[in-house]
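Structure file structure.cif; described as mmCIF, C-alpha atoms and all ligand atoms.
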```cif
data_structure
#
loop_
_atom_site.label_atom_id
_atom_site.label_comp_id
_atom_site.auth_asym_id
_atom_site.auth_seq_id
_atom_site.Cartn_x
_atom_site.Cartn_y
_atom_site.Cartn_z
CA MET G 1 79.91 177.23 33.59
CA PRO G 2 83.48 177.21 34.96
CA VAL G 3 85.97 175.05 33.16
CA CYS G 4 89.14 173.84 34.82
CA SER G 5 92.22 175.26 33.12
CA CYS G 6 93.98 171.88 32.74
CA CYS G 7 91.06 170.38 30.81
CA LYS G 8 90.65 173.47 28.68
CA ASN G 9 94.27 173.12 27.64
CA ASP G 10 93.87 169.42 26.90
CA ALA G 11 90.88 170.10 24.70
CA LEU G 12 92.58 172.86 22.79
CA GLN G 13 95.91 171.24 22.04
CA PRO G 14 95.72 169.59 18.61
CA GLY G 15 97.32 166.18 18.34
CA LYS G 16 97.20 165.57 22.06
CA LYS G 17 95.96 162.00 22.19
CA LYS G 18 95.09 161.81 25.88
CA LYS G 19 91.32 161.63 26.35
CA LYS G 20 89.83 164.31 28.58
CA SER G 21 88.52 161.79 31.10
CA ASP G 22 91.98 160.18 31.41
CA ALA G 23 93.17 163.14 33.46
CA TRP G 24 91.72 163.78 36.88
CA ARG G 25 91.19 167.29 38.08
CA VAL G 26 89.78 169.49 40.77
CA PHE G 27 86.15 170.55 40.19
CA ALA G 28 84.61 173.77 41.41
CA LEU G 29 81.64 173.26 43.74
CA LYS G 30 79.57 175.55 41.53
CA GLU G 31 80.20 173.33 38.52
CA LEU G 32 79.02 170.24 40.39
CA GLN G 33 75.98 172.07 41.77
CA LEU G 34 75.02 173.03 38.22
CA ALA G 35 75.68 169.51 36.92
CA THR G 36 73.48 167.86 39.55
CA ASN G 37 70.72 170.49 39.68
CA ASN G 38 71.98 171.48 43.13
CA PHE G 39 72.13 167.87 44.34
CA ASN G 40 68.47 167.45 43.58
CA TYR G 41 66.76 164.40 45.08
CA ASP G 42 65.65 163.34 41.59
CA ASN G 43 69.32 163.08 40.62
CA LYS G 44 70.16 160.80 43.52
CA LEU G 45 71.44 157.36 42.49
CA GLY G 46 71.68 155.97 46.00
CA GLU G 47 73.32 156.21 49.33
CA GLY G 48 76.22 154.26 50.83
CA GLY G 49 78.31 154.30 53.96
CA PHE G 50 80.00 157.59 53.14
CA GLY G 51 77.18 159.63 51.68
CA SER G 52 74.91 160.03 48.66
CA VAL G 53 75.73 159.59 44.98
CA TYR G 54 74.13 161.92 42.40
CA TRP G 55 73.87 161.72 38.64
CA GLY G 56 75.01 164.85 36.82
CA GLN G 57 75.81 166.26 33.40
CA LEU G 58 78.76 168.55 32.72
CA TRP G 59 78.90 171.50 30.34
CA ASP G 60 80.35 169.23 27.60
CA GLY G 61 77.40 166.80 27.88
CA SER G 62 79.35 164.07 29.63
CA GLN G 63 77.59 162.24 32.44
CA ILE G 64 79.12 161.97 35.89
CA ALA G 65 78.35 160.41 39.26
CA VAL G 66 79.16 162.62 42.23
CA LYS G 67 79.69 161.11 45.67
CA ARG G 68 78.90 163.74 48.29
CA LEU G 69 80.51 162.74 51.55
CA LYS G 70 78.39 163.17 54.66
CA ASN G 71 79.20 163.68 58.35
CA TRP G 72 82.34 165.60 57.78
CA SER G 73 85.08 164.84 60.31
CA THR G 74 88.83 164.39 60.56
CA LYS G 75 88.36 160.66 60.14
CA ALA G 76 86.38 161.20 56.96
CA GLU G 77 89.05 163.59 55.72
CA MET G 78 91.51 160.72 55.85
CA GLU G 79 89.17 158.41 53.91
CA PHE G 80 88.54 161.08 51.34
CA SER G 81 92.17 161.73 50.60
CA VAL G 82 92.87 157.98 50.52
CA GLU G 83 90.17 157.38 47.95
CA VAL G 84 91.26 160.28 45.80
CA GLU G 85 94.91 159.35 45.96
CA VAL G 86 94.36 155.69 45.23
CA LEU G 87 91.92 156.22 42.40
CA ALA G 88 94.04 158.85 40.77
CA LYS G 89 96.89 156.37 40.43
CA VAL G 90 95.05 153.25 39.42
CA ARG G 91 93.82 152.74 35.87
CA HIS G 92 92.42 149.50 34.50
CA ASN G 93 89.59 148.63 32.11
CA ASN G 94 87.69 146.93 34.91
CA LEU G 95 88.12 149.63 37.55
CA LEU G 96 85.93 152.73 37.81
CA THR G 97 87.72 155.81 36.59
CA LEU G 98 87.98 158.81 38.87
CA ARG G 99 87.38 162.10 37.09
CA GLY G 100 88.25 164.33 39.98
CA TYR G 101 87.22 165.77 43.28
CA CYS G 102 86.03 168.94 44.94
CA ALA G 103 87.01 170.19 48.39
CA GLU G 104 85.42 173.54 49.15
CA GLY G 105 84.38 174.68 52.62
CA GLN G 106 82.69 171.74 54.33
CA GLU G 107 81.93 169.97 51.04
CA ARG G 108 83.95 166.94 49.97
CA LEU G 109 82.89 165.43 46.66
CA ILE G 110 84.34 162.73 44.44
CA VAL G 111 83.52 162.71 40.74
CA TYR G 112 83.38 159.48 38.72
CA ASP G 113 82.32 158.52 35.24
CA TYR G 114 78.62 157.70 35.33
CA MET G 115 77.94 154.03 34.68
CA PRO G 116 74.68 153.90 32.69
CA ASN G 117 73.89 150.33 33.66
CA LEU G 118 74.36 151.04 37.37
CA SER G 119 75.48 148.10 39.50
CA VAL G 120 75.17 144.30 39.54
CA THR G 121 72.94 144.60 42.62
CA SER G 122 70.58 146.97 40.81
CA HIS G 123 70.06 144.23 38.19
CA LEU G 124 69.75 141.35 40.62
CA HIS G 125 67.84 142.92 43.51
CA GLY G 126 67.22 146.58 42.69
CA GLN G 127 65.50 148.88 40.25
CA HIS G 128 66.46 146.88 37.11
CA ALA G 129 65.61 143.46 38.56
CA ALA G 130 62.36 143.08 36.61
CA GLU G 131 64.06 143.70 33.24
CA CYS G 132 66.28 140.58 33.44
CA LEU G 133 69.13 142.15 31.48
CA LEU G 134 71.84 139.96 32.97
CA ASP G 135 71.90 136.92 30.71
CA TRP G 136 74.51 134.25 31.35
CA GLY G 137 76.99 135.64 28.79
CA ARG G 138 76.96 139.00 30.54
CA ARG G 139 77.28 137.42 33.97
CA MET G 140 80.28 135.37 32.85
CA ASN G 141 81.99 138.48 31.41
CA ILE G 142 81.24 140.40 34.60
CA ALA G 143 82.74 137.58 36.71
CA VAL G 144 85.97 137.52 34.68
CA GLY G 145 86.18 141.32 34.32
CA ALA G 146 85.64 142.03 38.01
CA ALA G 147 88.22 139.33 38.88
CA GLU G 148 90.72 140.98 36.53
CA GLY G 149 90.11 144.40 38.08
CA ILE G 150 90.67 143.08 41.61
CA ALA G 151 93.68 141.00 40.52
CA TYR G 152 95.14 144.22 39.14
CA LEU G 153 94.67 145.92 42.53
CA HIS G 154 96.29 142.98 44.36
CA HIS G 155 99.12 142.10 42.04
CA HIS G 156 99.95 144.99 39.74
CA ALA G 157 99.09 148.29 41.40
CA THR G 158 102.02 149.85 43.24
CA PRO G 159 101.74 149.64 46.18
CA HIS G 160 99.25 146.77 46.22
CA ILE G 161 95.69 147.65 47.15
CA ILE G 162 93.20 145.65 49.21
CA HIS G 163 89.68 146.69 48.29
CA ARG G 164 87.89 145.62 51.53
CA ASP G 165 84.33 146.20 50.30
CA ILE G 166 83.75 143.96 47.31
CA LYS G 167 80.02 143.47 46.76
CA GLY G 168 77.37 143.73 44.08
CA SER G 169 76.75 147.46 44.46
CA ASN G 170 80.47 148.14 44.05
CA VAL G 171 80.64 146.28 40.75
CA LEU G 172 79.28 148.85 38.32
CA LEU G 173 78.36 148.21 34.69
CA ASP G 174 79.31 150.41 31.77
CA VAL G 175 77.31 150.87 28.57
CA GLU G 176 78.50 147.46 27.31
CA PHE G 177 77.81 145.77 30.65
CA ARG G 178 81.51 145.52 31.32
CA ALA G 179 82.38 145.28 35.02
CA ARG G 180 83.95 148.35 36.61
CA VAL G 181 84.89 147.74 40.23
CA SER G 182 84.27 150.89 42.27
CA ASP G 183 84.92 152.36 45.70
CA PHE G 184 88.35 152.34 47.07
CA GLY G 185 87.26 154.43 50.04
CA PHE G 186 88.11 151.56 52.34
CA ALA G 187 91.29 150.63 50.65
CA LYS G 188 94.58 151.37 52.26
CA LEU G 189 97.81 151.46 50.37
CA MET G 190 99.79 148.43 51.36
CA PRO G 191 103.58 148.66 51.33
CA ASP G 192 105.23 146.07 49.09
CA GLY G 193 106.30 143.01 51.03
CA ALA G 194 103.86 143.37 53.91
CA THR G 195 101.62 140.33 54.15
CA HIS G 196 98.82 141.80 56.19
CA VAL G 197 97.86 144.63 58.45
CA THR G 198 95.31 144.67 61.23
CA THR G 199 92.85 147.50 61.21
CA LYS G 200 89.28 148.52 61.96
CA VAL G 201 86.67 146.28 60.40
CA LYS G 202 84.60 147.80 57.65
CA GLY G 203 82.55 146.03 55.08
CA THR G 204 79.15 144.74 54.21
CA LEU G 205 77.05 142.08 55.87
CA GLY G 206 77.36 138.70 54.19
CA TYR G 207 80.50 139.56 52.22
CA LEU G 208 82.99 139.73 55.11
CA ALA G 209 85.70 137.12 55.55
CA PRO G 210 85.52 135.55 59.04
CA GLU G 211 89.07 136.49 60.03
CA TYR G 212 88.36 140.10 59.03
CA ALA G 213 85.00 140.24 60.77
CA MET G 214 86.20 138.61 63.97
CA LEU G 215 89.86 139.54 64.27
CA GLY G 216 90.11 142.59 62.03
CA LYS G 217 92.83 140.84 60.05
CA VAL G 218 93.10 142.29 56.56
CA SER G 219 94.86 140.72 53.61
CA GLU G 220 94.16 140.15 49.93
CA SER G 221 92.48 136.88 50.86
CA CYS G 222 89.65 138.87 52.55
CA ASP G 223 88.88 140.31 49.12
CA VAL G 224 89.05 136.78 47.66
CA TYR G 225 86.41 135.69 50.20
CA SER G 226 84.13 138.63 49.35
CA PHE G 227 84.64 137.96 45.65
CA GLY G 228 83.62 134.33 46.22
CA ILE G 229 80.35 135.52 47.77
CA PHE G 230 79.92 137.93 44.85
CA LEU G 231 80.32 135.04 42.35
CA LEU G 232 77.67 132.97 44.15
CA VAL G 233 75.29 135.96 44.19
CA LEU G 234 75.93 136.62 40.48
CA ALA G 235 75.29 133.01 39.42
CA SER G 236 72.28 132.37 41.64
CA GLY G 237 70.59 135.78 41.94
CA LYS G 238 70.29 135.07 45.68
CA ARG G 239 71.31 137.55 48.38
CA PRO G 240 74.44 136.83 50.45
CA ILE G 241 72.25 136.20 53.47
CA GLU G 242 68.61 135.19 53.00
CA ARG G 243 65.89 134.99 55.60
CA VAL G 244 64.44 131.47 55.32
CA ASN G 245 61.82 131.95 58.04
CA PRO G 246 61.02 134.63 60.66
CA THR G 247 63.74 133.39 63.02
CA THR G 248 66.40 131.94 60.70
CA LYS G 249 68.83 133.42 58.21
CA ARG G 250 71.00 131.38 55.85
CA ALA G 251 74.34 132.29 54.32
CA ILE G 252 74.57 131.74 50.56
CA THR G 253 77.51 129.36 51.04
CA ASP G 254 75.48 127.13 53.38
CA TRP G 255 72.82 126.89 50.67
CA ALA G 256 75.13 126.43 47.68
CA LEU G 257 77.70 123.95 49.04
CA PRO G 258 75.34 120.97 49.55
CA LEU G 259 73.83 121.55 46.09
CA ALA G 260 77.31 121.76 44.54
CA LYS G 261 78.32 118.50 46.25
CA GLU G 262 75.32 116.85 44.63
CA ASN G 263 76.15 118.37 41.23
CA LYS G 264 72.86 120.31 41.21
CA PHE G 265 74.17 123.37 39.38
CA LYS G 266 70.94 123.90 37.45
CA GLU G 267 69.23 124.42 40.80
CA ILE G 268 71.82 126.98 41.81
CA ALA G 269 71.56 129.00 38.57
CA ASP G 270 69.31 132.06 38.77
CA SER G 271 65.80 131.00 37.69
CA LYS G 272 65.46 134.39 35.95
CA MET G 273 67.75 133.03 33.22
CA LYS G 274 65.01 130.47 32.44
CA GLY G 275 67.53 127.71 31.81
CA ASN G 276 69.50 129.73 29.25
CA PHE G 277 73.03 129.16 30.49
CA LEU G 278 75.99 126.89 29.97
CA GLU G 279 75.88 124.47 32.86
CA ALA G 280 79.66 123.89 32.71
CA GLU G 281 80.25 127.63 33.16
CA VAL G 282 77.73 127.96 35.99
CA LYS G 283 79.49 125.03 37.64
CA ARG G 284 82.87 126.72 37.21
CA VAL G 285 81.68 130.03 38.66
CA VAL G 286 79.98 128.33 41.62
CA LEU G 287 82.95 126.07 42.41
CA VAL G 288 85.37 129.01 42.20
CA GLY G 289 83.00 131.04 44.40
CA LEU G 290 82.91 128.31 47.05
CA VAL G 291 86.68 127.76 46.99
CA CYS G 292 87.18 131.53 47.41
CA ALA G 293 84.71 131.66 50.31
CA GLN G 294 86.48 129.02 52.42
CA SER G 295 86.79 129.93 56.06
CA GLN G 296 90.55 129.29 56.12
CA PRO G 297 92.24 132.19 54.36
CA GLU G 298 95.42 130.27 53.51
CA LYS G 299 93.40 127.77 51.48
CA ARG G 300 91.81 130.42 49.26
CA PRO G 301 93.26 130.99 45.78
CA THR G 302 94.86 134.30 44.80
CA MET G 303 92.90 136.64 42.52
CA GLN G 304 95.36 135.86 39.74
CA GLU G 305 94.50 132.16 40.12
CA VAL G 306 90.80 133.04 40.22
CA VAL G 307 91.09 134.81 36.85
CA GLY G 308 92.76 131.73 35.33
CA LEU G 309 90.15 129.38 36.81
CA LEU G 310 87.20 131.49 35.64
CA LYS G 311 88.63 131.69 32.14
CA GLY G 312 89.12 127.90 32.16
CA GLU G 313 92.72 128.38 31.04
CA SER G 314 94.00 125.08 32.38
CA LYS G 315 92.10 121.80 32.08
CA GLU G 316 94.23 120.35 34.86
CA LYS G 317 93.38 123.16 37.26
CA LEU G 318 89.68 122.84 36.48
CA GLU G 319 89.86 119.13 37.27
CA GLY G 320 91.68 120.02 40.48
CA LEU G 321 88.83 122.39 41.32
CA GLU G 322 86.19 119.70 40.78
CA ASN G 323 88.12 117.27 42.96
CA HIS G 324 88.71 119.84 45.69
CA GLU G 325 88.35 118.45 49.24
CA LEU G 326 85.57 120.97 49.86
CA PHE G 327 83.29 119.09 47.47
CA SER G 328 83.94 115.56 48.70
CA ALA G 329 80.68 114.17 50.07
CA ASP G 330 82.15 112.93 53.37
CA LEU G 331 83.79 116.20 54.40
CA ALA G 332 81.69 118.58 56.43
CA ALA G 333 84.17 121.46 56.17
CA GLY G 334 82.47 124.82 56.59
CA VAL G 335 82.98 127.40 53.90
CA CYS G 336 81.74 130.35 55.83
CA PRO G 337 81.44 131.52 59.39
CA SER G 338 78.19 130.50 61.01
CA GLY G 339 78.91 133.18 63.59
CA ASP G 340 76.57 135.91 64.65
CA GLU G 341 77.09 138.33 61.75
CA ASP G 342 74.33 140.60 63.04
CA SER G 343 76.45 141.62 66.00
CA LEU G 344 79.20 143.00 63.77
CA GLU G 345 79.52 146.65 62.93
CA VAL G 346 78.78 146.27 59.27
CA THR G 347 76.34 147.76 56.82
CA GLU G 348 73.74 145.87 54.84
CA GLU G 349 74.01 146.20 51.08
CA ARG G 350 71.51 148.61 49.57
CA ASP G 351 71.59 149.51 45.96
CA SER G 352 69.06 152.07 44.88
CA LYS G 353 67.19 154.92 46.42
CA GLU G 354 64.01 152.97 45.65
CA GLU G 355 65.11 150.48 48.28
CA GLU G 356 65.59 153.29 50.78
CA SER G 357 62.09 154.63 50.43
CA THR G 358 59.09 153.04 48.79
CA SER G 359 57.58 156.46 48.10
CA THR G 360 60.43 157.49 45.80
CA SER G 361 59.42 158.62 42.33
CA GLU G 362 60.98 156.73 39.42
CA SER G 363 61.33 159.87 37.36
CA GLY G 364 64.62 161.62 36.76
CA VAL G 365 67.40 159.08 37.12
CA ASN G 366 65.47 156.12 35.74
CA ALA G 367 64.26 158.03 32.75
CA ARG G 368 67.77 158.24 31.38
N1 LIG G 401 79.67 155.94 38.91
C1 LIG G 401 78.47 155.48 39.19
N2 LIG G 401 77.58 155.27 38.21
C2 LIG G 401 76.35 154.76 38.48
N3 LIG G 401 75.94 154.39 39.72
C3 LIG G 401 76.79 154.57 40.74
C4 LIG G 401 78.08 155.13 40.54
N4 LIG G 401 78.71 155.17 41.75
C5 LIG G 401 77.85 154.68 42.64
N5 LIG G 401 76.69 154.31 42.06
C6 LIG G 401 75.53 153.75 42.74
O1 LIG G 401 75.09 154.67 43.70
C7 LIG G 401 74.66 153.99 44.88
C8 LIG G 401 75.38 154.55 46.10
O2 LIG G 401 76.77 154.25 45.99
P1 LIG G 401 77.73 154.19 47.23
O3 LIG G 401 79.08 153.75 46.78
O4 LIG G 401 77.64 155.47 47.98
O5 LIG G 401 77.08 153.07 48.16
P2 LIG G 401 77.19 151.51 48.16
O6 LIG G 401 78.01 151.03 47.00
O7 LIG G 401 75.82 150.93 48.26
O8 LIG G 401 77.94 151.23 49.52
P3 LIG G 401 79.45 151.58 49.94
O9 LIG G 401 79.40 152.90 50.63
O10 LIG G 401 79.80 150.46 50.85
O11 LIG G 401 80.26 151.61 48.67
C9 LIG G 401 74.94 152.51 44.66
O12 LIG G 401 73.75 151.90 44.24
C10 LIG G 401 75.95 152.49 43.55
O13 LIG G 401 75.88 151.29 42.82
MG MG G 402 79.78 151.87 46.53
#
```

Before anything else, please render the file you have as C-alpha cells.
Amino acid sequence: MPVCSCCKNDALQPGKKKKKSDAWRVFALKELQLATNNFNYDNKLGEGGFGSVYWGQLWDGSQIAVKRLKNWSTKAEMEFSVEVEVLAKVRHNNLLTLRGYCAEGQERLIVYDYMPNLSVTSHLHGQHAAECLLDWGRRMNIAVGAAEGIAYLHHHATPHIIHRDIKGSNVLLDVEFRARVSDFGFAKLMPDGATHVTTKVKGTLGYLAPEYAMLGKVSESCDVYSFGIFLLVLASGKRPIERVNPTTKRAITDWALPLAKENKFKEIADSKMKGNFLEAEVKRVVLVGLVCAQSQPEKRPTMQEVVGLLKGESKEKLEGLENHELFSADLAAGVCPSGDEDSLEVTEERDSKEEESTSTSESGVNAR
C-alpha cells in the first residue's frame, strides 16, 4: 500500500517526538480505497450534508473515518478547502483531529481519526441508544469538553472560528468518551476584530439561532445558541424538536423552560439514567442550556463564560444563573423562536445509516 513520504520520514527518524497523527498529509485515492474496502456500504458510518462517511483501516492498523464529498461543484470546492485549511491549523483535545485529505480527479475526501464511540446522537437516538452508555458522569464531561473545544474556536484560534453546525452528531466521542467537536465544513475564518458577518444560512433543524435562521446573521452567539440546545438534548435525551401529536411539534426549550421555572430538574433528566445523576449538576447544565438558547443574542453568555458556569467555578455566578430573569415565574420571555422552522432551508439531524434505511445490516461497522 502506498505510504506518503512525509509520514515515512516521521516514522523513521529516531527521537522525533511528534506523533504520526499530529501531522496532516495528502492521501492517495488508492490508499483510501484499500482502507475502506472501496467505500463499501458495510463500512459506511453515515451520511451528512456534504456526503458519506466511511470507516477504514490504514496499512499501519490505525482506524480512520473518511468523508467522501458528494455533488462535486465549484461551491463544494470552496467548502472543501475551507474545511481542510481550518482543521489543519486548529488543534485542541476536544476538537476532532484532521489526518489529511485526498483530491484526485473528481474525488474529494477528508480523512479524520476514527472515533470508536461515534457521536452523542448515536448514543441518545441512534444505533447505541439501547446500550445506555452515557451515564451522568460522562454527559457532564462531554458538556464541559465540548464547551472547551468551541470556546477554543471562538477565543483562541487565530483567526477566530464560528462553527455554525453544532449538534449531537457533530460531537464525537473518543475511546474514553471524551468529546471531540467535529465538522468545520461550515466554518468560515473570521478576521480578528470583526463582530459578525452575514452569509447564507446553513445548519440543522432545531439547533439554529433565530437571528441566523431568519436574517442570516452569523456570530459566535449563534454557536452559543446551538450549544444551549445541545446541552438540553444531552441532559434530557429528548430531540431538539419533538412531535407531540400529529399536527404539533414542540421545541425542547418550550418544554424545558416551564419545568426549570418550577425546579423540576428530575423530570427533565433523561429517564434512561434511572435517577442516577447529581440533581445540582443536571440543574446547572439545564440552566446554562436555557440561558444560551435565549432568543436575544446579546443576552447569551460567551463560550468562555459557559465553560466557567458548567465547571461551577464561581459560586456567585451560579447564584446569578439561578436568579436569572429567564427563570422568574412572572416573566414569559421566550427562549427560542416559535417561528416556522420547517420553512427554512435546513437539514434534519440524522446520525447513523440505520436511521437512513431500516433494511441496513448491522454487520461490519457495528461489529467493531
Ligand atoms: N471521525 C468519525 N468517527 C466516527 N464517526 C464519525 C466520524 N465522522 C463522522 N462520523 C459519523 O458519521 C455520520 C455522518 O457524518 P457527517 O458529518 O457526514 O454528517 P452529520 O454530522 O450527520 O451532518 P453534517 O453534514 O451537518 O455534519 C455521523 O453520524 C457522524 O457522527
Ligand atoms: Mg458531521

Ligand LIG 401 (chain G) neighbours within 6 Å using only C-alpha atoms and all ligand atoms, as a ChimeraX atom specification: /G:45-53,65,112-115,118-119,169-170,183,349-352

For a test of reading the model, state the distance in Å between CA of Ala280 (chain G) and CA of Glu267 (chain G), rounded to one decimal.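 According to the coordinates, CA of Ala280 (chain G) and CA of Glu267 (chain G) are separated by 13.2 Å.
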
May I have the protein, DNA and RNA residues with an atom at most 12 Å from (88.2, 135.9, 46.2), counting only C-alpha atoms in the file's coordinates, returned as a PDB file with C-alpha atoms, keeping the file's coordinate frame?
```
ATOM      1  CA  ALA G 143      82.740 137.580  36.710  1.00  0.00           C
ATOM      2  CA  VAL G 144      85.970 137.520  34.680  1.00  0.00           C
ATOM      3  CA  ALA G 146      85.640 142.030  38.010  1.00  0.00           C
ATOM      4  CA  ALA G 147      88.220 139.330  38.880  1.00  0.00           C
ATOM      5  CA  GLU G 148      90.720 140.980  36.530  1.00  0.00           C
ATOM      6  CA  GLY G 149      90.110 144.400  38.080  1.00  0.00           C
ATOM      7  CA  ILE G 150      90.670 143.080  41.610  1.00  0.00           C
ATOM      8  CA  ALA G 151      93.680 141.000  40.520  1.00  0.00           C
ATOM      9  CA  HIS G 154      96.290 142.980  44.360  1.00  0.00           C
ATOM     10  CA  ILE G 162      93.200 145.650  49.210  1.00  0.00           C
ATOM     11  CA  HIS G 163      89.680 146.690  48.290  1.00  0.00           C
ATOM     12  CA  ARG G 164      87.890 145.620  51.530  1.00  0.00           C
ATOM     13  CA  ASP G 165      84.330 146.200  50.300  1.00  0.00           C
ATOM     14  CA  ILE G 166      83.750 143.960  47.310  1.00  0.00           C
ATOM     15  CA  LYS G 167      80.020 143.470  46.760  1.00  0.00           C
ATOM     16  CA  TYR G 207      80.500 139.560  52.220  1.00  0.00           C
ATOM     17  CA  LEU G 208      82.990 139.730  55.110  1.00  0.00           C
ATOM     18  CA  ALA G 209      85.700 137.120  55.550  1.00  0.00           C
ATOM     19  CA  SER G 219      94.860 140.720  53.610  1.00  0.00           C
ATOM     20  CA  GLU G 220      94.160 140.150  49.930  1.00  0.00           C
ATOM     21  CA  SER G 221      92.480 136.880  50.860  1.00  0.00           C
ATOM     22  CA  CYS G 222      89.650 138.870  52.550  1.00  0.00           C
ATOM     23  CA  ASP G 223      88.880 140.310  49.120  1.00  0.00           C
ATOM     24  CA  VAL G 224      89.050 136.780  47.660  1.00  0.00           C
ATOM     25  CA  TYR G 225      86.410 135.690  50.200  1.00  0.00           C
ATOM     26  CA  SER G 226      84.130 138.630  49.350  1.00  0.00           C
ATOM     27  CA  PHE G 227      84.640 137.960  45.650  1.00  0.00           C
ATOM     28  CA  GLY G 228      83.620 134.330  46.220  1.00  0.00           C
ATOM     29  CA  ILE G 229      80.350 135.520  47.770  1.00  0.00           C
ATOM     30  CA  PHE G 230      79.920 137.930  44.850  1.00  0.00           C
ATOM     31  CA  LEU G 231      80.320 135.040  42.350  1.00  0.00           C
ATOM     32  CA  LEU G 232      77.670 132.970  44.150  1.00  0.00           C
ATOM     33  CA  VAL G 285      81.680 130.030  38.660  1.00  0.00           C
ATOM     34  CA  LEU G 287      82.950 126.070  42.410  1.00  0.00           C
ATOM     35  CA  VAL G 288      85.370 129.010  42.200  1.00  0.00           C
ATOM     36  CA  GLY G 289      83.000 131.040  44.400  1.00  0.00           C
ATOM     37  CA  LEU G 290      82.910 128.310  47.050  1.00  0.00           C
ATOM     38  CA  VAL G 291      86.680 127.760  46.990  1.00  0.00           C
ATOM     39  CA  CYS G 292      87.180 131.530  47.410  1.00  0.00           C
ATOM     40  CA  ALA G 293      84.710 131.660  50.310  1.00  0.00           C
ATOM     41  CA  GLN G 294      86.480 129.020  52.420  1.00  0.00           C
ATOM     42  CA  SER G 295      86.790 129.930  56.060  1.00  0.00           C
ATOM     43  CA  PRO G 297      92.240 132.190  54.360  1.00  0.00           C
ATOM     44  CA  GLU G 298      95.420 130.270  53.510  1.00  0.00           C
ATOM     45  CA  LYS G 299      93.400 127.770  51.480  1.00  0.00           C
ATOM     46  CA  ARG G 300      91.810 130.420  49.260  1.00  0.00           C
ATOM     47  CA  PRO G 301      93.260 130.990  45.780  1.00  0.00           C
ATOM     48  CA  THR G 302      94.860 134.300  44.800  1.00  0.00           C
ATOM     49  CA  MET G 303      92.900 136.640  42.520  1.00  0.00           C
ATOM     50  CA  GLN G 304      95.360 135.860  39.740  1.00  0.00           C
ATOM     51  CA  GLU G 305      94.500 132.160  40.120  1.00  0.00           C
ATOM     52  CA  VAL G 306      90.800 133.040  40.220  1.00  0.00           C
ATOM     53  CA  VAL G 307      91.090 134.810  36.850  1.00  0.00           C
ATOM     54  CA  LEU G 309      90.150 129.380  36.810  1.00  0.00           C
ATOM     55  CA  LEU G 310      87.200 131.490  35.640  1.00  0.00           C
TER      56      LEU G 310
END
```

Determine the nearest neighbour of ligand MG 402 (chain G) from the options G:Arg180, G:Arg250, G:Lys272, G:Arg25, counting only C-alpha atoms and all ligand atoms.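 When distances to ligand MG 402 (chain G) are compared using only C-alpha atoms and all ligand atoms, the smallest one comes from G:Arg180.
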
So the first atom is CA of Leu58 (chain G) and the second is CA of Leu95 (chain G); what is the distance between them in Å, to one decimal place?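 CA of Leu95 (chain G) lies 21.7 Å from CA of Leu58 (chain G).
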
Report, in Å with one decimal, the straight-line distance from CA of Glu281 (chain G) to CA of Pro210 (chain G). 27.6 Å

I want to know what sits within 12 Å of Ile252 (chain G), based on all atoms listed in the file, with residues of the same chain fewer than 5 positions away left out; could you give that as a PDB file with C-alpha atoms, in the coordinates of the input?
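Final file, part23.pdb:
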```pdb
ATOM      1  CA  LEU G 205      77.050 142.080  55.870  1.00  0.00           C
ATOM      2  CA  GLY G 206      77.360 138.700  54.190  1.00  0.00           C
ATOM      3  CA  TYR G 207      80.500 139.560  52.220  1.00  0.00           C
ATOM      4  CA  SER G 226      84.130 138.630  49.350  1.00  0.00           C
ATOM      5  CA  GLY G 228      83.620 134.330  46.220  1.00  0.00           C
ATOM      6  CA  ILE G 229      80.350 135.520  47.770  1.00  0.00           C
ATOM      7  CA  PHE G 230      79.920 137.930  44.850  1.00  0.00           C
ATOM      8  CA  LEU G 231      80.320 135.040  42.350  1.00  0.00           C
ATOM      9  CA  LEU G 232      77.670 132.970  44.150  1.00  0.00           C
ATOM     10  CA  VAL G 233      75.290 135.960  44.190  1.00  0.00           C
ATOM     11  CA  LEU G 234      75.930 136.620  40.480  1.00  0.00           C
ATOM     12  CA  ALA G 235      75.290 133.010  39.420  1.00  0.00           C
ATOM     13  CA  SER G 236      72.280 132.370  41.640  1.00  0.00           C
ATOM     14  CA  GLY G 237      70.590 135.780  41.940  1.00  0.00           C
ATOM     15  CA  LYS G 238      70.290 135.070  45.680  1.00  0.00           C
ATOM     16  CA  ARG G 239      71.310 137.550  48.380  1.00  0.00           C
ATOM     17  CA  PRO G 240      74.440 136.830  50.450  1.00  0.00           C
ATOM     18  CA  ILE G 241      72.250 136.200  53.470  1.00  0.00           C
ATOM     19  CA  GLU G 242      68.610 135.190  53.000  1.00  0.00           C
ATOM     20  CA  ARG G 243      65.890 134.990  55.600  1.00  0.00           C
ATOM     21  CA  VAL G 244      64.440 131.470  55.320  1.00  0.00           C
ATOM     22  CA  LEU G 257      77.700 123.950  49.040  1.00  0.00           C
ATOM     23  CA  PRO G 258      75.340 120.970  49.550  1.00  0.00           C
ATOM     24  CA  LEU G 259      73.830 121.550  46.090  1.00  0.00           C
ATOM     25  CA  ALA G 260      77.310 121.760  44.540  1.00  0.00           C
ATOM     26  CA  ILE G 268      71.820 126.980  41.810  1.00  0.00           C
ATOM     27  CA  VAL G 286      79.980 128.330  41.620  1.00  0.00           C
ATOM     28  CA  GLY G 289      83.000 131.040  44.400  1.00  0.00           C
ATOM     29  CA  LEU G 290      82.910 128.310  47.050  1.00  0.00           C
ATOM     30  CA  ALA G 293      84.710 131.660  50.310  1.00  0.00           C
ATOM     31  CA  VAL G 335      82.980 127.400  53.900  1.00  0.00           C
ATOM     32  CA  CYS G 336      81.740 130.350  55.830  1.00  0.00           C
ATOM     33  CA  PRO G 337      81.440 131.520  59.390  1.00  0.00           C
ATOM     34  CA  SER G 338      78.190 130.500  61.010  1.00  0.00           C
TER      35      SER G 338
END
```

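With distances taken over all atoms listed in the file, G:Asn323 is the one residue among G:Asn117, G:Asn323, G:Gln33, G:Thr204 lying closest to Lys261 (chain G).
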
Here is a test: counting all atoms listed in the file, which residue of G:Lys67, G:His92, G:Lys317, G:His155 is nearest to ligand MG 402 (chain G)? G:Lys67

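Comparing the minimum interatomic distances between ligand MG 402 (chain G) and each of G:Thr253, G:Ser328, G:Ser122, G:Gln296, counting all atoms listed in the file, we find that G:Ser122 sits nearest.
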
My list of candidates is G:Gly126, G:Gly100, G:Gly105, G:Gly168. Which is closest to ligand MG 402 (chain G) when distances are computed with all atoms listed in the file?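 Under the stated criterion, the closest residue is G:Gly168.
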